[in-house]
Amino acid sequence: MFSGSVAWHWDSCWRCACSPERTGQTAHGTTVAHFFDKLKRVGREGIIHPMPVNKPLPLDFDELLAAEYDYIAQTASQAHEDRARVSSFYLIAVGSLLAAMFGTQLFDPGFYSKTVNLMFSGLFILLTLLATSTILQLARLRAAWYESALAMNQLKDFMVSQNEKLAKAFRWTANTLPPRYKTASVSYYQAVEVALIGGLMFGAAVLFLQQAFFRIGPLNWILSALSGLLIIYFQLSIYKRSLS
């Protein structure tokens, strides 16, 4: 409500100050007029401070690379730990079932009725399927470790590109990285271990299934053994195909 009177008062003061009678020197009239013109504009518009421009904060590349390297190392370590847990879980499951079976009247000929044979056959088939699932998990964990190693080597290559002296500090590089599918590795040995037990479980399942309907003879044992070997080959093929 006071904006009109304030502007009129300021304008009146400016005219009075810029008049030759007030200045006394016409030679400096232009300079004085220019000064008071700026003063008048500031008085009318107010003092406006410019808003600071938000500039992106500078990135600390050392900390960023260190955090990325630490995360990659954790993922690789986690893959190793999970691989040990997966294989141990399967061994415990098989050992628990066998202990429960030997705790029953396993060697009693009258114990094996048709229903019991079918039940044992189903349980061993279930353990065979669990072995196949374990093989797939071992392959996936091997692939996860391989991806972590690739990411770590890519980070090393970037560091070497920034400082060539670091090339002598890294022994493990992308050129020395082992293949994803490698028979001479702990992961493959664990897969072979699980496949052997899975083949044994399937052979036992076939044997119990035959015992439920036929009299067991040498031919039945051979058929069960061949079935077990076929499952071993099938599971190792799945492991290789998953990593190829």
# chains A, B, ... in the order shown; residues from 1 in each chain; ligands from 1

call {"tool": "closest_atom_pairs", "arguments": {"of": "range 112-135 of chain A", "to": "range 73-87 of chain A", "cutoff": "12 Å", "atoms": "only C-alpha atoms", "output": "JSON lines"}}
result
{"residue": "A:Leu130", "atom": "CA", "partner": "A:Val86", "partner_atom": "CA", "distance": 10.7}
{"residue": "A:Ala131", "atom": "CA", "partner": "A:Ser87", "partner_atom": "CA", "distance": 9.2}
{"residue": "A:Thr132", "atom": "CA", "partner": "A:Ser87", "partner_atom": "CA", "distance": 11.5}
{"residue": "A:Ser133", "atom": "CA", "partner": "A:Val86", "partner_atom": "CA", "distance": 9.8}
{"residue": "A:Thr134", "atom": "CA", "partner": "A:Val86", "partner_atom": "CA", "distance": 6.6}
{"residue": "A:Ile135", "atom": "CA", "partner": "A:Ser87", "partner_atom": "CA", "distance": 8.7}

call {"tool": "write_last_selection", "arguments": {"atoms": "N, CA and C atoms", "output": "PDB file, in the first residue's frame"}}
result
ATOM      1  N   LEU A 130      16.952 -83.744  -6.435  1.00  0.00           N
ATOM      2  CA  LEU A 130      17.667 -82.772  -5.609  1.00  0.00           C
ATOM      3  C   LEU A 130      19.128 -82.659  -6.032  1.00  0.00           C
ATOM      4  N   ALA A 131      19.716 -83.771  -6.470  1.00  0.00           N
ATOM      5  CA  ALA A 131      21.093 -83.729  -6.971  1.00  0.00           C
ATOM      6  C   ALA A 131      21.174 -82.906  -8.250  1.00  0.00           C
ATOM      7  N   THR A 132      20.194 -83.057  -9.132  1.00  0.00           N
ATOM      8  CA  THR A 132      20.177 -82.257 -10.355  1.00  0.00           C
ATOM      9  C   THR A 132      20.045 -80.770 -10.038  1.00  0.00           C
ATOM     10  N   SER A 133      19.185 -80.452  -9.072  1.00  0.00           N
ATOM     11  CA  SER A 133      19.047 -79.059  -8.655  1.00  0.00           C
ATOM     12  C   SER A 133      20.353 -78.524  -8.069  1.00  0.00           C
ATOM     13  N   THR A 134      21.044 -79.345  -7.305  1.00  0.00           N
ATOM     14  CA  THR A 134      22.328 -78.927  -6.730  1.00  0.00           C
ATOM     15  C   THR A 134      23.366 -78.690  -7.826  1.00  0.00           C
ATOM     16  N   ILE A 135      23.357 -79.534  -8.851  1.00  0.00           N
ATOM     17  CA  ILE A 135      24.274 -79.344  -9.975  1.00  0.00           C
ATOM     18  C   ILE A 135      24.026 -77.996 -10.656  1.00  0.00           C
TER      19      ILE A 135
END

call {"tool": "closest_atom_pairs", "arguments": {"of": "range 168-231 of chain A", "to": "range 96-102 of chain A", "cutoff": "12 Å", "atoms": "only C-alpha atoms", "output": "CSV"}}
result
residue,atom,partner,partner_atom,distance
A:Ile197,CA,A:Leu98,CA,11.9
A:Met201,CA,A:Leu98,CA,10.3
A:Ala204,CA,A:Leu98,CA,11.5

call {"tool": "atom_distance", "arguments": {"atom1": "CA of Tyr189 in chain A", "atom2": "CA of Leu207 in chain A"}}
result
27.0 Å

call {"tool": "residues_around", "arguments": {"residues": "Val206 in chain A", "least_positions_apart": "6", "cutoff": "12 Å", "atoms": "only C-alpha atoms", "output": "PyMOL selection string"}}
result
chain A and resi 117-125+128+199-200+212-214+216+220-228+231

call {"tool": "closest_residue", "arguments": {"among": "A:Phe208, A:Ser244, A:Glu68, A:Gly95", "to": "Gln154 in chain A", "atoms": "only C-alpha atoms"}}
result
A:Glu68

call {"tool": "residues_around", "arguments": {"residues": "range 144-153 of chain A", "least_positions_apart": "2", "cutoff": "12 Å", "atoms": "only C-alpha atoms", "output": "PDB file with C-alpha atoms, in the first residue's frame"}}
result
ATOM      1  CA  LEU A  65      36.915 -47.359  -7.320  1.00  0.00           C
ATOM      2  CA  ALA A  66      37.705 -48.678  -3.842  1.00  0.00           C
ATOM      3  CA  ALA A  67      33.994 -49.148  -3.081  1.00  0.00           C
ATOM      4  CA  GLU A  68      33.411 -50.900  -6.403  1.00  0.00           C
ATOM      5  CA  TYR A  69      36.413 -53.166  -5.893  1.00  0.00           C
ATOM      6  CA  ASP A  70      35.247 -54.056  -2.396  1.00  0.00           C
ATOM      7  CA  TYR A  71      31.748 -54.886  -3.655  1.00  0.00           C
ATOM      8  CA  ILE A  72      33.127 -57.146  -6.404  1.00  0.00           C
ATOM      9  CA  ALA A  73      35.355 -58.926  -3.894  1.00  0.00           C
ATOM     10  CA  GLN A  74      32.365 -59.530  -1.624  1.00  0.00           C
ATOM     11  CA  THR A  75      30.287 -61.002  -4.440  1.00  0.00           C
ATOM     12  CA  ALA A  76      33.103 -63.380  -5.409  1.00  0.00           C
ATOM     13  CA  SER A  77      33.572 -64.461  -1.797  1.00  0.00           C
ATOM     14  CA  GLN A  78      29.830 -64.934  -1.369  1.00  0.00           C
ATOM     15  CA  ALA A  79      29.741 -67.218  -4.422  1.00  0.00           C
ATOM     16  CA  HIS A  80      32.428 -69.414  -2.863  1.00  0.00           C
ATOM     17  CA  GLU A  81      30.592 -69.615   0.457  1.00  0.00           C
ATOM     18  CA  ASP A  82      27.239 -70.405  -1.165  1.00  0.00           C
ATOM     19  CA  ARG A  83      28.849 -73.140  -3.235  1.00  0.00           C
ATOM     20  CA  GLN A 137      23.109 -74.273  -8.418  1.00  0.00           C
ATOM     21  CA  LEU A 138      26.810 -75.124  -8.519  1.00  0.00           C
ATOM     22  CA  ALA A 139      26.942 -74.127 -12.178  1.00  0.00           C
ATOM     23  CA  ARG A 140      25.153 -70.856 -11.473  1.00  0.00           C
ATOM     24  CA  LEU A 141      27.496 -70.033  -8.597  1.00  0.00           C
ATOM     25  CA  ARG A 142      30.502 -70.780 -10.793  1.00  0.00           C
ATOM     26  CA  LEU A 155      38.509 -52.440 -13.016  1.00  0.00           C
ATOM     27  CA  LYS A 156      42.185 -53.407 -13.029  1.00  0.00           C
ATOM     28  CA  ASP A 157      42.457 -52.619 -16.740  1.00  0.00           C
ATOM     29  CA  PHE A 158      41.033 -49.158 -16.094  1.00  0.00           C
ATOM     30  CA  MET A 159      43.541 -48.562 -13.305  1.00  0.00           C
ATOM     31  CA  VAL A 160      46.390 -49.646 -15.564  1.00  0.00           C
ATOM     32  CA  ALA A 167      50.565 -53.260 -14.646  1.00  0.00           C
ATOM     33  CA  PHE A 170      48.607 -57.258 -10.877  1.00  0.00           C
ATOM     34  CA  ARG A 171      49.406 -60.899 -11.536  1.00  0.00           C
ATOM     35  CA  TRP A 172      45.792 -61.902 -12.137  1.00  0.00           C
ATOM     36  CA  THR A 173      44.470 -60.180 -15.244  1.00  0.00           C
ATOM     37  CA  ALA A 174      41.848 -60.863 -17.902  1.00  0.00           C
ATOM     38  CA  ASN A 175      44.420 -62.905 -19.842  1.00  0.00           C
ATOM     39  CA  THR A 176      45.109 -65.208 -16.893  1.00  0.00           C
ATOM     40  CA  LEU A 177      41.419 -65.665 -15.975  1.00  0.00           C
ATOM     41  CA  PRO A 178      40.492 -69.383 -16.121  1.00  0.00           C
ATOM     42  CA  PRO A 179      37.608 -70.432 -18.383  1.00  0.00           C
ATOM     43  CA  ARG A 180      34.108 -70.564 -17.025  1.00  0.00           C
ATOM     44  CA  TYR A 181      33.933 -74.326 -17.504  1.00  0.00           C
ATOM     45  CA  LYS A 182      37.091 -75.900 -16.139  1.00  0.00           C
ATOM     46  CA  SER A 187      33.503 -76.344  -8.485  1.00  0.00           C
ATOM     47  CA  SER A 242      25.126 -74.332 -18.149  1.00  0.00           C
ATOM     48  CA  LEU A 243      28.672 -72.938 -18.251  1.00  0.00           C
TER      49      LEU A 243
END

call {"tool": "select_by_dssp", "arguments": {"residues": "range 79-178 of chain A", "states": "alpha helix (DSSP H)", "output": "PyMOL selection string"}}
result
chain A and resi 79-102+114-162

call {"tool": "atom_distance", "arguments": {"atom1": "CA of Ala143 in chain A", "atom2": "CA of Ala191 in chain A"}}
result
13.5 Å
